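Undergrad: My questions all concern the structure below.
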Amino acid sequence: MHHTGSQITGTFMEKIAIQLEETSGFNRISEPVCLGIPLPTGTAKTVQNLTLMDNQKALAVQLEPLAHWPDGSIRWLHASFLISLAPHSKKSLILAQQKAPCPAAPKPDSKLSPQSLTIPTSTGSVVLQEGSLAWQAYNHNEQCVPSAVTLCDDTGTPCTVKADANWEITHEGAVFVAAKLKGQWLKQNNEPLARFECELRVFLETGLIQVELVTHNPKRARHPGGLWDLGDPGSVYFRELALETTLPAASTATITPLALDETPGEFHLADFNLYQDSSGGENWQSRNHVDANGDVTTRFCGYKLTTSSELKHQGKRANPLVSVGEDCGQLSMTVPGFWQNFPTSLRKEGNKLTIGLFPRDAKKAYELQGGERKTLRCLIDHHSNNSIAATAYAPLVPVLAPECYEQAQAFPWFKANTQPDALDELIAQGLDGESNFFAKREVIDEFGWRSFGDIFADHETLYQNEGEPPFVSHYNNQYDPIYGFARQFALTGNKRWFELMDDLARHVTDIDIYHTEEDRAEYNNGLFWHTDHYLDVHTATHRTFSKHNTTSSTPGQTGGGPGAEHCYTTGLLYHYWMTGNEDSAEAVLDLANWMRNSFENKGGLLAQLLALKKQELPNLKALARGQAPLAHRYPFTRATGNYLNTLLDAWLLTGDQQWRDQAEAVIRQSIHPNDEPDERNLLDVETGWSYLVLLISITRYLLIKAQHQEQDQNSQYARHALIRYTQWMQNHEQPFLAQTDQLEFPNHTWVAQDIRKAMLLCIASHLDPEQAEDYLQQANIWLEEIQDTLKNSPEAHFTRIVVILMQNQVPQQPIANPDLAADTNALSPAVANANTRLTWTTLMNRILRRAIIALLAFRPAKEKAWLQARLDR
């Protein structure tokens, strides 16, 4: 919504300052900026009274609530606006609340007809063609520049578009209108090749068009033997994906390959091809870029600018700007992530100006694996916005003060402006150390359309022989570095943390999630593990298990697929809240449904028989032998902890209480206040350590319940059960490396894992006030041991260690939450006196429940499909 002429008077909430800094030396002119802003509970129930001020001037701003508190007030607010900023200058904007609703701008007069969707702008209009990946940009003189997306199959034959429906407006406000088209690419024989999703975001004041295009292979991979190498029968292949703009006439273009340079070189050419073949880095020929045959696909270092007859220029890493002057104005194009997502091209042939998102110049056709997708973007400016290059390659990153996050309780156990301690210094190495996260990318050339954004798992090289080239190993968000990066950005305001978060979230939502409905339920829409421990990925890309490895880090296993022990959604939730990126929100829900399907198993007859064999049969045998197994349904592992966390994220994202109810059912069937922790084999480190992940998830549940002021029997149950285990931990736990004889790989990752114990006891000091002093004393002992060991460790820079520290960072004196501390009610008699042992009655009820589910879900076709999906394994 657009607010004009209002002064900041009589505000109800504290003014929120949004800091902007120009560091690239560009004159920013009406540059699009967006951010997510957390608000304390009760602050604002509507955006109608909110205004964004630049000094005394009210800015046009598009506000959208992303999450709400239980009282209906806004929890996270997404703001979009345009800003102008002089080179090397700073600006502070103020978001404030007025007593009366602010005047709203007129709603954009978008017109939807059976033939087209017309979006008017201050410079003309953009007309999107019905059911087609094509549009025209008009100026006020009705002069038209048309653009269209094209795809060619692996033979170079053009494909046709089959849209699911017409263009749909998804966002409409004072700053931009976004419209989306979904559908399929069909080959010449009408066989589907891939799905597409295209969003055009049209900025109303400037006419700038942002194109975001998703190419998706919805087929399942066949993954014979649980191995996921390139060349799988489920892959699809294509030769080029491009955006072609037709100019009014042939003309000369200005090409600036390095548009961010202080003195960029320009070339004036009628026809040209600027092609980025590789990263241009020292390791541009890395085995990270192999095809199904294991052949490296990069051919030369960096980029080349050529005409039909000669090489005009070459370099390492292009951030190009192409401009063409016409009677109707100047047309400019940029491609965010141009060199990072190579191969990429910009070319002109006659009056055709083409962005090669997947250009035809590559060595071979592109292989999109089953369930894989890729999202790419470009910017088109029809009216000479001089800062379009900076918008694409060095966008402004707005920063909020850390107090803003603390006051809004945006992150658990978050404390602003604390004095940095040894733990902070260890984490800071992720940005400032010799082996920081950006430097790690260069080691295995973690670039290219499939790999950019992921993290090199350098800890997997620990046991390699000296002088060996490092394993190509991908991290795939293990222990949620997306969340760690988001939290560090909030704490420090350092924009490089934001960049790492955004790059990784975009990678995970495209590449690391298995986007298919055609495979087995426990794989569909799941998250792939990191590369198998201490092995090279070979041709398995980001999918863990390769046919070229005959061993595995898991004894007896040389294959598999997405698994519940590797599911991290909290970072994706924060990425959505902090950026408004809806792909991350969709990923949270996809992963939540995948986890629920994996754990709850609502499948048919064969699925229930398999579950019966794995889960109920062992208990039945134990009871028959006169044993008394525990009644808990869910394992005491990180898989259950990840499941619980994912349910909580889905609850926070949607507000749907079914997710909360399921989370509470998981807690009740995982631990009990009457448990005897000694019976659960928790001190067997290799098999038992990850119970800590589940306990930390329960602390997060308790915090969210307190924030929602839901002190009830469920929260009391969880609190008392948790305290049962933290008291046991205080008396029995010790550093993992004190038991090296139990460890297969006794390295300093285990030292980092000890931080979970310290974190739990710090939090327990608020949940169990009578033991608070003892908890904090033990927690501080463990923290000092962790910090002292890692400060002098040659392994401290490793990805896994830094990520674990970021995920589990908590102030040694956590933020006091009065609601959390006040929930000290006694357990109900039924719970206090409950038997935690499995009985014949309970077991028979579980078996009966499975039988009922099997009968209700039974369909012969589904049973056949279930069996077929497992035959390859």
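Residues in the structure tokens are named by chain (A, B, ... in the order shown) and by number from 1 within that chain; ligands are numbered from 1 in the order shown.
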Set out as CSV a contact list for stretch 239-266 of chain A and stretch 361-367 of chain A with a cut-off of 12 Å, giving each residue of stretch 239-266 of chain A that qualifies its closest atom pair and distance in Å to one decimal, counting only C-alpha atoms, ordered by chain and rising residue number.

TA:
```
residue,atom,partner,partner_atom,distance
A:Arg239,CA,A:Ala365,CA,4.7
A:Glu240,CA,A:Ala365,CA,7.8
A:Leu241,CA,A:Tyr366,CA,9.8
A:Ala242,CA,A:Asp361,CA,11.7
```

Undergrad: Would you pick out the contacts of A:Thr841 at 12 Å or less, using only C-alpha atoms, so that residues sharing its chain but fewer than 6 positions from it are not included, and give the list as an MDAnalysis selection string?

TA: chainID A and resid 620 623 631 847:848

Undergrad: Using N, CA and C atoms, can you write the selected residues to a file as a PDB file, in the first residue's frame?

TA:
```
ATOM      1  N   LEU A 620       6.234 -57.202  19.632  1.00  0.00           N
ATOM      2  CA  LEU A 620       5.438 -58.412  19.873  1.00  0.00           C
ATOM      3  C   LEU A 620       6.337 -59.555  20.347  1.00  0.00           C
ATOM      4  N   LEU A 623       7.440 -58.892  24.016  1.00  0.00           N
ATOM      5  CA  LEU A 623       6.385 -59.211  24.980  1.00  0.00           C
ATOM      6  C   LEU A 623       6.212 -60.719  25.117  1.00  0.00           C
ATOM      7  N   ALA A 631       6.878 -48.020  25.934  1.00  0.00           N
ATOM      8  CA  ALA A 631       5.694 -47.826  25.105  1.00  0.00           C
ATOM      9  C   ALA A 631       5.891 -46.754  24.029  1.00  0.00           C
ATOM     10  N   ILE A 847      -1.783 -52.482  16.319  1.00  0.00           N
ATOM     11  CA  ILE A 847      -1.925 -53.377  15.176  1.00  0.00           C
ATOM     12  C   ILE A 847      -3.308 -53.224  14.548  1.00  0.00           C
ATOM     13  N   LEU A 848      -4.334 -53.100  15.375  1.00  0.00           N
ATOM     14  CA  LEU A 848      -5.682 -52.905  14.868  1.00  0.00           C
ATOM     15  C   LEU A 848      -5.784 -51.594  14.096  1.00  0.00           C
TER      16      LEU A 848
END
```

Undergrad: When you look at A:Ala505 with a cut-off of 9 Å (counting only C-alpha atoms), what residues show up, excluding the ones that are within fewer than 5 positions of it in the same chain? I need them as a list in words.

TA: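 Listed by chain and then number, they are Gly453, Asp454, Asn477, Ile482, Leu500, Asp510, Gly571, Leu572, His575 and Ser584 of chain A.
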
Undergrad: Using Å and a single decimal, report how far atom CA of A:Pro38 sits from atom CA of A:Ala408.

TA: 5.8 Å

Undergrad: Point out the residue among A:His538, A:Arg506, A:Arg377, A:Lys312 with the least atom-to-atom distance to A:Val290, counting only C-alpha atoms.

TA: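 Comparing A:His538, A:Arg506, A:Arg377, A:Lys312 against A:Val290, the winner is A:His538.
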
Undergrad: Would you list, as a VMD selection string, the residues of stretch 213-276 of chain A that end up in strand (DSSP E or B) under DSSP run on this structure's backbone?

TA: chain A and resid 213 to 216 236 to 246 253 to 256 258 267 to 269 272 to 276

Undergrad: I need the residue nearest A:Gly626 from this list: A:Glu266, A:Phe498, A:Trp840, A:Leu93. Use only C-alpha atoms for the distance.

TA: A:Trp840

Undergrad: From the list A:Asn619, A:Leu491, A:Trp497, A:Phe203, which residue is nearest A:Thr418 when using only C-alpha atoms?

TA: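 Closest candidate: A:Leu491.
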
Undergrad: Just the number, please: distance in Å from atom CA of A:Thr550 to atom CA of A:Gly294, one decimal.

TA: 16.7 Å

Undergrad: Could you state the separation of atom CA of A:Tyr775 and atom CA of A:Gln711 in Å, given to one decimal place?

TA: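 If I compute the distance from atom CA of A:Tyr775 to atom CA of A:Gln711, I get 23.6 Å.
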
Undergrad: For A:Trp167, please output as number ranges by chain all residues within 8 Å (counting only C-alpha atoms; exclusion window: fewer than 3 positions along the same chain).

TA: A: 117, 128, 130-131, 179-182

Undergrad: If we count only C-alpha atoms and set the cut-off at 6 Å, which residues sit around A:Lys304, ignoring sequence neighbours fewer than 3 positions away in its own chain? Please answer as a PyMOL selection string.

TA: chain A and resi 274-275+313-314

Undergrad: Given only C-alpha atoms, how would the per-residue table for stretch 565-668 of chain A near stretch 698-708 of chain A read, listing every residue at most 12 Å away with its closest atom pair and distance in Å to one decimal, sorted by chain and number, as a Markdown table?

TA:
```
| residue | atom | partner | partner_atom | distance |
| --- | --- | --- | --- | --- |
| A:Thr570 | CA | A:Arg700 | CA | 11.1 |
| A:Arg638 | CA | A:Ile698 | CA | 11.7 |
| A:Thr640 | CA | A:Ile698 | CA | 10.5 |
| A:Gly641 | CA | A:Ile698 | CA | 7.9 |
| A:Asn642 | CA | A:Ile698 | CA | 10.6 |
| A:Tyr643 | CA | A:Ile698 | CA | 11.1 |
| A:Leu644 | CA | A:Ile698 | CA | 7.8 |
| A:Asn645 | CA | A:Arg700 | CA | 8.0 |
| A:Thr646 | CA | A:Tyr701 | CA | 11.0 |
| A:Leu647 | CA | A:Tyr701 | CA | 9.8 |
| A:Leu648 | CA | A:Tyr701 | CA | 7.0 |
| A:Asp649 | CA | A:Tyr701 | CA | 10.1 |
| A:Trp651 | CA | A:Ile704 | CA | 10.1 |
| A:Leu652 | CA | A:Ile704 | CA | 8.9 |
| A:Gly655 | CA | A:His708 | CA | 11.1 |
| A:Gln657 | CA | A:Lys705 | CA | 11.8 |
| A:Trp659 | CA | A:Tyr701 | CA | 11.7 |
| A:Arg660 | CA | A:Tyr701 | CA | 9.0 |
| A:Asp661 | CA | A:Tyr701 | CA | 11.5 |
| A:Gln662 | CA | A:Tyr701 | CA | 11.9 |
| A:Ala663 | CA | A:Tyr701 | CA | 8.3 |
| A:Glu664 | CA | A:Tyr701 | CA | 8.8 |
| A:Val666 | CA | A:Ile698 | CA | 10.1 |
| A:Ile667 | CA | A:Ile698 | CA | 7.5 |
| A:Arg668 | CA | A:Ile698 | CA | 10.8 |
```

Undergrad: Quick one: residues within 12 Å of A:Glu676, only C-alpha atoms counted, chain neighbours fewer than 6 positions away excluded, as a list in words?

TA: Leu630, Leu682, Ala721, Arg724, Tyr725, Gln727, Trp728, Met729, Asn835, Thr836 and Arg837 of chain A

Undergrad: Output N, CA, C and O atoms of each residue in that selection to a file, as a short mmCIF file (atom, residue, chain, number, x, y, z; two decimals), in the first residue's frame.

TA:
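Heads up, here's the output in result-v7.cif:
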```cif
data_model
loop_
_atom_site.label_atom_id
_atom_site.label_comp_id
_atom_site.auth_asym_id
_atom_site.auth_seq_id
_atom_site.Cartn_x
_atom_site.Cartn_y
_atom_site.Cartn_z
N LEU A 630 9.62 -50.31 26.31
CA LEU A 630 8.98 -49.01 26.52
C LEU A 630 7.85 -48.81 25.53
O LEU A 630 7.88 -49.33 24.41
N LEU A 682 21.64 -44.01 26.23
CA LEU A 682 22.03 -42.72 25.70
C LEU A 682 23.53 -42.46 25.74
O LEU A 682 24.03 -41.59 25.03
N ALA A 721 8.99 -33.85 31.47
CA ALA A 721 9.77 -34.90 30.81
C ALA A 721 11.16 -34.41 30.47
O ALA A 721 12.16 -35.12 30.66
N ARG A 724 13.34 -34.23 33.49
CA ARG A 724 13.78 -35.57 33.88
C ARG A 724 15.12 -35.90 33.22
O ARG A 724 16.03 -36.46 33.84
N TYR A 725 15.25 -35.50 31.95
CA TYR A 725 16.46 -35.83 31.20
C TYR A 725 17.59 -34.83 31.46
O TYR A 725 18.76 -35.23 31.49
N GLN A 727 18.19 -33.29 34.23
CA GLN A 727 18.76 -33.66 35.53
C GLN A 727 19.65 -34.89 35.40
O GLN A 727 20.73 -34.96 36.02
N TRP A 728 19.21 -35.82 34.60
CA TRP A 728 20.05 -37.01 34.36
C TRP A 728 21.35 -36.61 33.65
O TRP A 728 22.43 -37.09 33.99
N MET A 729 21.24 -35.72 32.65
CA MET A 729 22.42 -35.27 31.92
C MET A 729 23.45 -34.65 32.86
O MET A 729 24.66 -34.91 32.76
N ASN A 835 2.11 -45.81 33.57
CA ASN A 835 3.08 -46.86 33.28
C ASN A 835 3.70 -46.59 31.92
O ASN A 835 2.99 -46.41 30.93
N THR A 836 5.02 -46.53 31.85
CA THR A 836 5.69 -46.23 30.59
C THR A 836 6.02 -47.49 29.79
O THR A 836 6.68 -47.41 28.77
N ARG A 837 5.56 -48.65 30.26
CA ARG A 837 5.85 -49.91 29.58
C ARG A 837 4.75 -50.26 28.58
O ARG A 837 3.58 -49.93 28.78
#
```

Undergrad: Of the residues A:Gln429, A:Gln742, A:Met595, A:Glu863, which is the one nearest to A:Ile801, using only C-alpha atoms?

TA: A:Gln429
